[in-house]
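Trainee: Structure file input-v9.cif, mmCIF, C-alpha atoms, is pasted below:
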data_model
#
loop_
_atom_site.label_atom_id
_atom_site.label_comp_id
_atom_site.auth_asym_id
_atom_site.auth_seq_id
_atom_site.Cartn_x
_atom_site.Cartn_y
_atom_site.Cartn_z
CA MET A 729 122.03 -115.45 -18.93
CA GLU A 730 121.83 -111.65 -18.86
CA ILE A 731 119.61 -109.70 -16.43
CA VAL A 732 117.04 -108.90 -19.12
CA GLU A 733 116.84 -112.58 -20.07
CA TYR A 734 116.27 -113.52 -16.43
CA THR A 735 113.58 -110.86 -16.18
CA THR A 736 111.88 -112.22 -19.28
CA ALA A 737 112.04 -115.77 -17.94
CA ILE A 738 110.57 -114.66 -14.59
CA THR A 739 107.72 -112.70 -16.19
CA ASN A 740 106.98 -115.67 -18.45
CA GLU A 741 106.81 -117.93 -15.38
CA LEU A 742 104.47 -115.48 -13.66
CA HIS A 743 102.21 -115.24 -16.71
CA ARG A 744 102.01 -119.02 -17.06
CA THR A 745 101.36 -119.51 -13.33
CA LEU A 746 98.79 -116.75 -12.81
CA SER A 747 96.95 -117.66 -16.01
CA ALA A 748 96.18 -121.00 -14.38
CA VAL A 749 94.50 -119.50 -11.28
CA SER A 750 90.82 -120.45 -11.06
CA LYS A 751 88.38 -117.64 -11.83
CA GLU A 752 85.80 -119.34 -9.59
CA GLN A 753 88.22 -119.49 -6.66
CA ALA A 754 89.13 -115.83 -7.14
CA ASP A 755 85.47 -114.73 -7.40
CA THR A 756 84.53 -116.64 -4.23
CA PHE A 757 87.53 -115.14 -2.44
CA ILE A 758 86.49 -111.62 -3.51
CA GLN A 759 82.98 -112.19 -2.18
CA ALA A 760 84.43 -113.35 1.14
CA VAL A 761 86.41 -110.11 1.40
CA MET A 762 83.31 -108.07 0.54
CA ASP A 763 81.28 -109.91 3.20
CA ALA A 764 83.82 -109.60 6.03
CA LYS A 765 83.57 -106.92 8.68
CA ARG A 766 87.36 -106.87 9.03
CA ILE A 767 90.16 -108.62 7.16
CA PHE A 768 93.27 -110.05 8.81
CA VAL A 769 96.27 -111.27 6.83
CA ALA A 770 99.10 -113.59 7.82
CA GLY A 771 102.08 -115.34 6.33
CA ALA A 772 105.66 -116.20 7.12
CA GLY A 773 108.89 -114.97 5.57
CA ARG A 774 108.55 -113.46 2.11
CA SER A 775 104.93 -114.60 1.86
CA LEU A 776 104.17 -112.31 4.82
CA LEU A 777 105.80 -109.40 3.00
CA MET A 778 103.62 -110.02 -0.06
CA ILE A 779 100.36 -110.44 1.87
CA ARG A 780 101.10 -107.22 3.78
CA GLY A 781 100.83 -105.48 0.41
CA LEU A 782 97.29 -106.83 0.06
CA ALA A 783 96.37 -105.54 3.53
CA MET A 784 97.66 -102.10 2.63
CA ARG A 785 95.68 -101.95 -0.62
CA LEU A 786 92.53 -103.22 1.14
CA MET A 787 92.91 -100.35 3.58
CA HIS A 788 93.30 -97.93 0.66
CA LEU A 789 89.93 -99.15 -0.67
CA GLY A 790 88.24 -98.48 2.67
CA PHE A 791 88.33 -102.00 4.14
CA THR A 792 89.38 -102.49 7.75
CA ALA A 793 92.50 -104.62 7.38
CA TYR A 794 95.13 -105.82 9.84
CA VAL A 795 98.38 -107.79 9.74
CA VAL A 796 98.39 -110.56 12.36
CA GLY A 797 101.15 -110.02 14.90
CA GLU A 798 101.30 -106.24 14.75
CA THR A 799 100.98 -104.47 18.10
CA THR A 800 97.72 -102.72 17.16
CA THR A 801 95.97 -105.76 15.69
CA PRO A 802 92.76 -106.55 17.61
CA ALA A 803 91.37 -110.00 18.32
CA ILE A 804 89.59 -111.73 15.46
CA THR A 805 85.83 -112.36 15.73
CA SER A 806 83.18 -114.42 13.95
CA SER A 807 82.40 -111.58 11.52
CA ASP A 808 85.99 -111.37 10.28
CA LEU A 809 88.12 -113.05 7.60
CA LEU A 810 91.67 -114.32 8.02
CA ILE A 811 93.68 -114.59 4.78
CA ILE A 812 96.81 -116.71 4.99
CA ALA A 813 99.48 -116.84 2.27
CA SER A 814 101.46 -120.06 2.60
CA GLY A 815 103.08 -121.93 -0.26
CA SER A 816 103.05 -125.23 1.61
CA GLY A 817 99.97 -124.63 3.74
CA GLU A 818 101.83 -126.52 6.46
CA THR A 819 103.77 -123.82 8.37
CA GLY A 820 103.28 -124.54 12.08
CA SER A 821 102.65 -121.00 13.30
CA LEU A 822 100.17 -120.40 10.47
CA LYS A 823 98.35 -123.67 11.18
CA ASN A 824 97.95 -122.46 14.78
CA MET A 825 96.59 -119.08 13.60
CA ALA A 826 94.17 -120.80 11.24
CA ALA A 827 92.90 -123.10 13.99
CA LYS A 828 92.47 -120.17 16.39
CA ALA A 829 90.56 -118.16 13.78
CA LYS A 830 88.26 -121.12 13.13
CA ASP A 831 87.76 -121.58 16.91
CA MET A 832 86.66 -117.93 17.08
CA GLY A 833 84.18 -118.51 14.24
CA ALA A 834 86.05 -116.38 11.69
CA ALA A 835 86.15 -117.27 8.01
CA LEU A 836 89.47 -118.57 6.73
CA ALA A 837 90.98 -118.05 3.28
CA LEU A 838 94.21 -119.57 2.01
CA ILE A 839 96.42 -118.64 -0.93
CA SER A 840 98.65 -121.66 -1.49
CA ILE A 841 100.25 -124.10 -3.86
CA TYR A 842 98.59 -126.95 -1.97
CA PRO A 843 94.83 -126.63 -1.42
CA LYS A 844 94.75 -130.02 0.32
CA SER A 845 97.34 -128.97 2.93
CA ALA A 846 96.52 -128.79 6.65
CA ILE A 847 95.48 -125.13 6.37
CA GLY A 848 93.70 -125.78 3.09
CA LEU A 849 91.55 -128.44 4.72
CA MET A 850 90.55 -125.94 7.44
CA ALA A 851 89.92 -123.11 4.97
CA ASP A 852 86.54 -121.89 3.80
CA TYR A 853 88.11 -120.35 0.69
CA VAL A 854 91.24 -121.36 -1.20
CA ILE A 855 93.03 -119.83 -4.15
CA GLU A 856 95.47 -122.33 -5.58
CA ILE A 857 98.58 -120.90 -7.20
CA PRO A 858 100.18 -123.67 -9.29
CA ALA A 859 103.77 -122.74 -8.46
CA THR A 860 106.54 -124.71 -6.78
CA THR A 861 108.98 -124.26 -3.91
CA SER A 862 112.38 -125.73 -3.26
CA LYS A 863 110.85 -127.52 -0.22
CA VAL A 864 108.04 -129.34 -1.99
CA THR A 865 107.47 -130.01 -5.68
CA ASP A 866 105.07 -132.15 -7.63
CA SER A 867 104.17 -132.74 -11.24
CA ASN A 868 101.13 -130.40 -11.14
CA SER A 869 103.21 -127.36 -10.17
CA GLN A 870 104.84 -124.89 -12.52
CA LYS A 871 108.62 -125.29 -12.56
CA SER A 872 110.76 -122.24 -11.88
CA ILE A 873 114.30 -121.07 -12.53
CA GLN A 874 114.04 -119.01 -9.32
CA PRO A 875 115.22 -120.05 -5.87
CA GLY A 876 113.00 -121.07 -2.98
CA ALA A 877 109.38 -120.06 -3.27
CA SER A 878 110.03 -116.91 -5.30
CA LEU A 879 107.49 -117.80 -7.99
CA PHE A 880 104.77 -118.37 -5.38
CA GLU A 881 105.63 -115.21 -3.44
CA GLN A 882 105.66 -113.02 -6.55
CA SER A 883 102.38 -114.60 -7.60
CA VAL A 884 100.83 -113.71 -4.23
CA LEU A 885 101.78 -110.06 -4.75
CA LEU A 886 100.46 -109.88 -8.31
CA LEU A 887 97.33 -111.87 -7.50
CA GLY A 888 96.70 -109.50 -4.59
CA ASP A 889 96.98 -106.48 -6.88
CA SER A 890 94.60 -108.14 -9.36
CA LEU A 891 92.11 -108.84 -6.56
CA ILE A 892 92.32 -105.16 -5.59
CA LEU A 893 91.43 -104.12 -9.13
CA LYS A 894 88.40 -106.45 -9.06
CA LEU A 895 87.39 -105.20 -5.60
CA SER A 896 87.65 -101.63 -6.91
CA GLU A 897 85.12 -102.56 -9.59
CA GLN A 898 82.86 -104.18 -6.99
CA LYS A 899 83.01 -101.05 -4.83
CA ASN A 900 82.47 -98.90 -7.94
CA ILE A 901 85.75 -97.04 -7.50
CA LYS A 902 86.65 -95.82 -10.97
CA ASN A 903 90.07 -94.36 -10.17
CA GLN A 904 92.41 -96.66 -8.22
CA ASN A 905 93.77 -93.64 -6.34
CA GLU A 906 90.27 -92.51 -5.31
CA GLY A 907 90.22 -94.76 -2.24
CA LEU A 908 93.67 -93.59 -1.17
CA MET A 909 92.75 -89.93 -1.69
CA LYS A 910 89.60 -90.37 0.41
CA LEU A 911 91.66 -91.97 3.15
CA HIS A 912 94.15 -89.10 3.21
CA ALA A 913 91.34 -86.53 3.16
CA ASN A 914 89.82 -88.18 6.25
CA LEU A 915 93.17 -88.04 8.06
CA GLU A 916 93.60 -84.30 7.62
#
How would this structure read if it were set down as structure tokens?

Mentor:
Amino acid sequence: MEIVEYTTAITNELHRTLSAVSKEQADTFIQAVMDAKRIFVAGAGRSLLMIRGLAMRLMHLGFTAYVVGETTTPAITSSDLLIIASGSGETGSLKNMAAKAKDMGAALALISIYPKSAIGLMADYVIEIPATTSKVTDSNSQKSIQPGASLFEQSVLLLGDSLILKLSEQKNIKNQNEGLMKLHANLE
């Protein structure tokens, strides 16, 4: 297969997968973000890279957002929301973070292939992405030509950007760059 054919196959996979995401789950998730005082994000490996993008865009829209594990990240409280991106929902370090957040009274959201995973069962909000990973597959998941959890990870990034567009509407920000421009103006 040529590069362009691979690209077409990947974008077709992404379209098929993201088209199956529940509108109700996404709307509930968006409301949880709107209601939170501060938003914390976590993940492992490439999922962490993708969820960091969501934290950055949340900050651009004026939300207070942190990446768990960074040196300047404060402690989570009962008025906050922790968003975890985990394909399996079973990653040990992320299960520990989820349990700690729940112990502190924070709300917990999960973006995952498996809503009934250990983290999913703890979560207040779940967005199911019907993708697959090389570690775990089942008949309900979308098959992929890509290695590992690439389809899930890419879906997290694109879903995050879509959530940002919806949050922009909710915050009545007409121009997507408006939030970023306000942020830079406040820094000068």

Trainee: Quick one: of A:Ser845, A:Val761, A:Glu730, A:Pro802, who's nearest to Met787 (chain A), counting all atoms listed in the file?

Mentor: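 Nearest to Met787 (chain A): A:Val761.
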
Trainee: Please indicate the distance in Å from CA of Pro858 (chain A) to CA of Leu746 (chain A), rounded to one decimal place.

Mentor: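 Computing the Euclidean distance for CA of Pro858 (chain A) and CA of Leu746 (chain A) yields 7.9 Å.
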
Trainee: Can you translate the PyMOL selection byres ((chain A and resi 830) around 10) into the concrete residues it hits in this file, as an MDAnalysis selection string?

Mentor: chainID A and resid 804:806 809:810 824:829 831:836 850:852

Trainee: For region 762-771 of chain A, please output as a ChimeraX atom specification all residues within 10 Å (counting all atoms listed in the file; exclusion window: fewer than 4 positions along the same chain).

Mentor: /A:756-758,775-783,786-787,791-797,801-815,817,819,821-822,825-826,829,834-839,895,898-899

Trainee: Go ahead and write the residues just picked, C-alpha atoms, as a short mmCIF file (atom, residue, chain, number, x, y, z; two decimals), keeping the file's coordinate frame.

Mentor:
data_model
loop_
_atom_site.label_atom_id
_atom_site.label_comp_id
_atom_site.auth_asym_id
_atom_site.auth_seq_id
_atom_site.Cartn_x
_atom_site.Cartn_y
_atom_site.Cartn_z
CA THR A 756 84.53 -116.64 -4.23
CA PHE A 757 87.53 -115.14 -2.44
CA ILE A 758 86.49 -111.62 -3.51
CA SER A 775 104.93 -114.60 1.86
CA LEU A 776 104.17 -112.31 4.82
CA LEU A 777 105.80 -109.40 3.00
CA MET A 778 103.62 -110.02 -0.06
CA ILE A 779 100.36 -110.44 1.87
CA ARG A 780 101.10 -107.22 3.78
CA GLY A 781 100.83 -105.48 0.41
CA LEU A 782 97.29 -106.83 0.06
CA ALA A 783 96.37 -105.54 3.53
CA LEU A 786 92.53 -103.22 1.14
CA MET A 787 92.91 -100.35 3.58
CA PHE A 791 88.33 -102.00 4.14
CA THR A 792 89.38 -102.49 7.75
CA ALA A 793 92.50 -104.62 7.38
CA TYR A 794 95.13 -105.82 9.84
CA VAL A 795 98.38 -107.79 9.74
CA VAL A 796 98.39 -110.56 12.36
CA GLY A 797 101.15 -110.02 14.90
CA THR A 801 95.97 -105.76 15.69
CA PRO A 802 92.76 -106.55 17.61
CA ALA A 803 91.37 -110.00 18.32
CA ILE A 804 89.59 -111.73 15.46
CA THR A 805 85.83 -112.36 15.73
CA SER A 806 83.18 -114.42 13.95
CA SER A 807 82.40 -111.58 11.52
CA ASP A 808 85.99 -111.37 10.28
CA LEU A 809 88.12 -113.05 7.60
CA LEU A 810 91.67 -114.32 8.02
CA ILE A 811 93.68 -114.59 4.78
CA ILE A 812 96.81 -116.71 4.99
CA ALA A 813 99.48 -116.84 2.27
CA SER A 814 101.46 -120.06 2.60
CA GLY A 815 103.08 -121.93 -0.26
CA GLY A 817 99.97 -124.63 3.74
CA THR A 819 103.77 -123.82 8.37
CA SER A 821 102.65 -121.00 13.30
CA LEU A 822 100.17 -120.40 10.47
CA MET A 825 96.59 -119.08 13.60
CA ALA A 826 94.17 -120.80 11.24
CA ALA A 829 90.56 -118.16 13.78
CA ALA A 834 86.05 -116.38 11.69
CA ALA A 835 86.15 -117.27 8.01
CA LEU A 836 89.47 -118.57 6.73
CA ALA A 837 90.98 -118.05 3.28
CA LEU A 838 94.21 -119.57 2.01
CA ILE A 839 96.42 -118.64 -0.93
CA LEU A 895 87.39 -105.20 -5.60
CA GLN A 898 82.86 -104.18 -6.99
CA LYS A 899 83.01 -101.05 -4.83
#

Trainee: Any idea what the distance is between CA of Ser883 (chain A) and CA of Leu742 (chain A)?

Mentor: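 Straight-line distance from CA of Ser883 (chain A) to CA of Leu742 (chain A) works out to 6.5 Å.
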
Trainee: Report, in Å to a single decimal, how far apart CA of Thr735 (chain A) and CA of Ser878 (chain A) are.

Mentor: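 Computing it gives 12.9 Å between the two atoms.
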
Trainee: Just checking: using all atoms listed in the file, which residue out of A:Val749, A:Met784, A:Leu789, A:Ala760 ends up closest to Phe880 (chain A)?

Mentor: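 The closest residue to Phe880 (chain A) is A:Val749.
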
Trainee: Smallest atom-to-atom distance to Gly888 (chain A): which of A:Lys751, A:His743, A:Lys902, A:Arg785, using only C-alpha atoms?

Mentor: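 That would be A:Arg785, the residue with the smallest distance to Gly888 (chain A).
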
Trainee: Looking at all atoms listed in the file, which of A:Asp755, A:Glu741, A:Glu733, A:Glu856 is the one that sits closest to Ile892 (chain A)?

Mentor: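 Looking only at the distances to Ile892 (chain A), the closest residue turns out to be A:Asp755.
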